[in-house]
Structures are given as structure tokens and as C-alpha cells.
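Have a look at the structure below, then the notes.
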Amino acid sequence: MDIEPFALERWLADHEHGAAVNLGDSGVRPLEADRFDTDPGTLGYVVPTNGDPDLRERVADRYDRGADELLFTCGTQEANLLAVLATLDRESHAVCVTPTYQSLHSLPAAVADVTRVELDAPDWTLDPEAVADAVRPDTELIVVNNPNNPTGRIHPQGTVEALYDLAAAADAYLLCDEVYRPLAAPDERVDPVASMGPHGISTCGLSKGWGLPGLRFGWLAGPEEVVSDAWQWKDYTTISPSAFGQHVARQALDREADLLAENREHVRRNRDLLDEFAAEHGLDWYLPAGATGFLTVPEEFASGEAFCRALVDEGVVVVPGETFDRPGYVRVGFGAERATLREGLDRMATVIERGGR
């Protein structure tokens, strides 16, 4: 099985270590560990290896599903991998909505044939008819993330339901990476795909909305046959979720309302700051949910990568749109500490004012 290099992760690996200001991350600033009890006791395997049954039932309930329809994973990334392995093979086909987090099209492409459907700039709208045109008799999976990374677009309820209906009509599955859903305001949220019926699969985790990326704790929710197959694949990946991760995750879920309200307010205030910056410097963007903005490149620079390399020289890391196959954009993470964001924007202003020299 061949898989293409992960462009975003390679860019960050090359540039974020040692940077003065990192605005390349896509989640909320990490919470301090001392906000939780970090002693899980004996550091053995989690048994059963799909996760604590009571906690699985509790998380599954938000999808109107049972404990056997949910699998705990080492982050949302593993959940997406297992969902792909459980639904696709070399004889199948997937439809992937892009731009998106690269693994959501590169993982399917490593296993099956893939057709991409592009979002329409500048509002990054998704046309369900374009997805319908891409569906084939051998289509087994339709892949989307909502809210979208990198654009922050929330695909509305009617659009997601249309995608679900397309998957159901094709006897396929709709996989939705919903890791940014907790950051959307409650009145903006779309129903999770796994709650829509037997063809829906949702993945999520505590990295982005909760600000707990180092916990590496996520989950896959969906039909029991998919979850069972995913669990079999997990026997060959990480075997079980982290005992430490599950211990802290239980506490984070106990305090979900307060933690998410705190993080949403933090992101909202930072988004307003980035919006002022974009307006001042003539940069267009779609006002996003989540913690990333996909901004147009200043006209003085030939591409997203050229702008990002100039920013690296100024000590700031953001992500070029080329890593999402959109060279006219850069992705700016605004979930950082407010002082960090301010410093990063000040340095970005210096680069823009200096121009493409």
C-alpha cells in the first residue's frame, strides 16, 4: 500500500520547531495538565481494548447509539484510518470533498480509487449534485469534514442530509470527521452524521475543541459492523486506547460544558482579532467555525508558500495553501494564546508591509 507524503505535517516538521510564534496549529491552545487528576493508577492495557464500556456508552449516546457502536482510538487520526480500512478495499471507490485535512483523501486513495469534489470559493459551499455526479456503482464511502478544515465552513444540515441520502442510495457510508464540531456555537451545529442512520459514521476526539491534543484520545461512532471491523484493524495498530488518555478524557467529558464554553469564547475573541487584521491588510477569508482561517495571499506574494517562507524568516509559522492544493491561500491557526496571536499578527504585518522582496 502506497501513501503520499503528508504535506502539512512535513511543512510543520520542517518549520515549527524553534519558531518564535507558531500559528500553524489548528486547535485551541492546549490546557494545562494540572487542571486534571493525571494519575490513572496502574499503567496497563485498557480492557476491553475498545475502551471502557460505560464510557463508550456515554459517548455513544450523543449519536443515539450503543456502546458496541463506538470505538475509542488514539486520536481522531486513528479513527479516520480505521474507518477507511473498515469500509474500503482495492476494488472500491470513494468520493472525497476537498480542500480538507489531507488524510481524509490520502488514506482512501491509498486503499481505493478516489474522486475529489471541490468546495466552491470564496464561501466554500458544497454542491450535493457534484457529489451525486461523482458517485459510481462501486462507491463505498463518501468523506467530508464538518466544520471544514482548512476553511472553517460549516456545511448546513440540509447539505449533510443530502450527502447521507446519497450514501444510503448507493448502499455506501458517509464518513464525517467532526473534530471541530465542539467549537461551533450550539445554534450553528449540524446533527452528527452517525445519528442520521445506518449509513453514517462520525469521528471526533478531544484534540481540537477541548484543547487536549497531547492526550491522543478520539473515537469512531457508526454501524456495529463498521465499528467491529475497525476494532479488528485496531488490533494491528495501537491495540487499545491510552490508559492515561481514557482517565483524563473521562474528567474532560464530566466538565464538557464548562471547558467547551471557555474554549469557544477564547476562539471567538481571537477570531475577531484576526478578522480585524485581515480587513486592515485587504485579505479575504470566510469567517469560520473552528480555530483556523483560510486567508488569501497578499498581492505582493506570488503564492501561499512564498508568503509562508517570508513569515518563517520573520519567526512565524503558518501553513501554505499548497498543502491543501490551494496555492492562493494560507491557513492561520488562531486558537493560540491571545498574546501569541497578537505577536504573530504583528510579525505578519511587518512581512506584508515589507512586501515580496
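Following the order of the C-alpha cells, first chain is A, next is B, and so on, with residues numbered from 1 inside each chain and ligands from 1 in the order they appear.
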**Message:** Need the shell around A:Asp187: protein/DNA/RNA residues with any atom at most 12 Å away, counting only C-alpha atoms. Skip same-chain ones fewer than 2 positions apart. Format as a list of chain:residue names?
**Reply:**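 With the cut-off at 12 Å, the set is A:Ile154, A:Pro156, A:Gln157, A:Arg181, A:Pro182, A:Leu183, A:Ala184, A:Ala185, A:Arg189, A:Val190, A:Asp191, A:Ala289.
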**helix (DSSP H, G or I) call set, DSSP backbone run, stretch 163-333 of chain A, as number ranges by chain** = A: 163-169, 181-183, 193-195, 213-215, 224-234, 243-254, 256-280, 304-313, 321-324
**Two-atom distance - atom CA of A:Ala249, atom CA of A:Asp37 (Å)** = 10.5 Å
**Request:** Excluding A:Arg268 and any residue of its chain fewer than 2 positions from it, enumerate the residues within 10 Å of it, using only C-alpha atoms, and give them as number ranges by chain.
**Result:** A: 183-185, 263-266, 270-274, 288-291, 334-335
Residue selection dump (C-alpha atoms) as an mmCIF file, in the first residue's frame:
data_model
loop_
_atom_site.group_PDB
_atom_site.id
_atom_site.type_symbol
_atom_site.label_atom_id
_atom_site.label_comp_id
_atom_site.auth_asym_id
_atom_site.auth_seq_id
_atom_site.Cartn_x
_atom_site.Cartn_y
_atom_site.Cartn_z
ATOM 1 C CA LEU A 183 -16.084 24.595 18.698
ATOM 2 C CA ALA A 184 -19.197 25.563 16.721
ATOM 3 C CA ALA A 185 -21.790 27.542 18.605
ATOM 4 C CA ASN A 263 -12.664 27.440 24.635
ATOM 5 C CA ARG A 264 -15.395 28.778 22.343
ATOM 6 C CA GLU A 265 -15.162 32.202 23.959
ATOM 7 C CA HIS A 266 -11.378 32.153 23.616
ATOM 8 C CA ASN A 270 -9.227 35.584 18.746
ATOM 9 C CA ARG A 271 -11.271 35.224 15.570
ATOM 10 C CA ASP A 272 -12.402 38.837 15.943
ATOM 11 C CA LEU A 273 -8.759 39.888 16.266
ATOM 12 C CA LEU A 274 -7.789 38.009 13.103
ATOM 13 C CA PRO A 288 -15.006 30.380 10.193
ATOM 14 C CA ALA A 289 -16.121 27.986 12.848
ATOM 15 C CA GLY A 290 -13.264 26.097 14.418
ATOM 16 C CA ALA A 291 -9.876 27.676 15.063
ATOM 17 C CA PHE A 334 -5.974 31.459 15.788
ATOM 18 C CA GLY A 335 -6.600 29.170 18.746
#
**Message:** Just the number, please: distance in Å from atom CA of A:Pro320 to atom CA of A:Val143, one decimal.
**Reply:** 22.9 Å
**Prompt:** Can you tell me, as number ranges by chain, what residues are no more than 12 Å from A:Ala278 when counting only C-alpha atoms, ignoring any on the same chain fewer than 4 positions away?
**Reply:** A: 271-274, 282-287, 293-298, 330, 332, 345, 348-349, 352
Can you write out as a Markdown table which residues of stretch 288-357 of chain A fall within 8 Å of stretch 95-115 of chain A, alongside each residue's closest atom pair and its distance in Å to one decimal, counting only C-alpha atoms and ordering rows by chain and ascending residue number?
| residue | atom | partner | partner_atom | distance |
| --- | --- | --- | --- | --- |
| A:Thr323 | CA | A:Gln102 | CA | 8.0 |
| A:Phe324 | CA | A:Pro99 | CA | 5.7 |
| A:Asp325 | CA | A:Pro99 | CA | 7.1 |
| A:Arg326 | CA | A:Pro99 | CA | 7.6 |
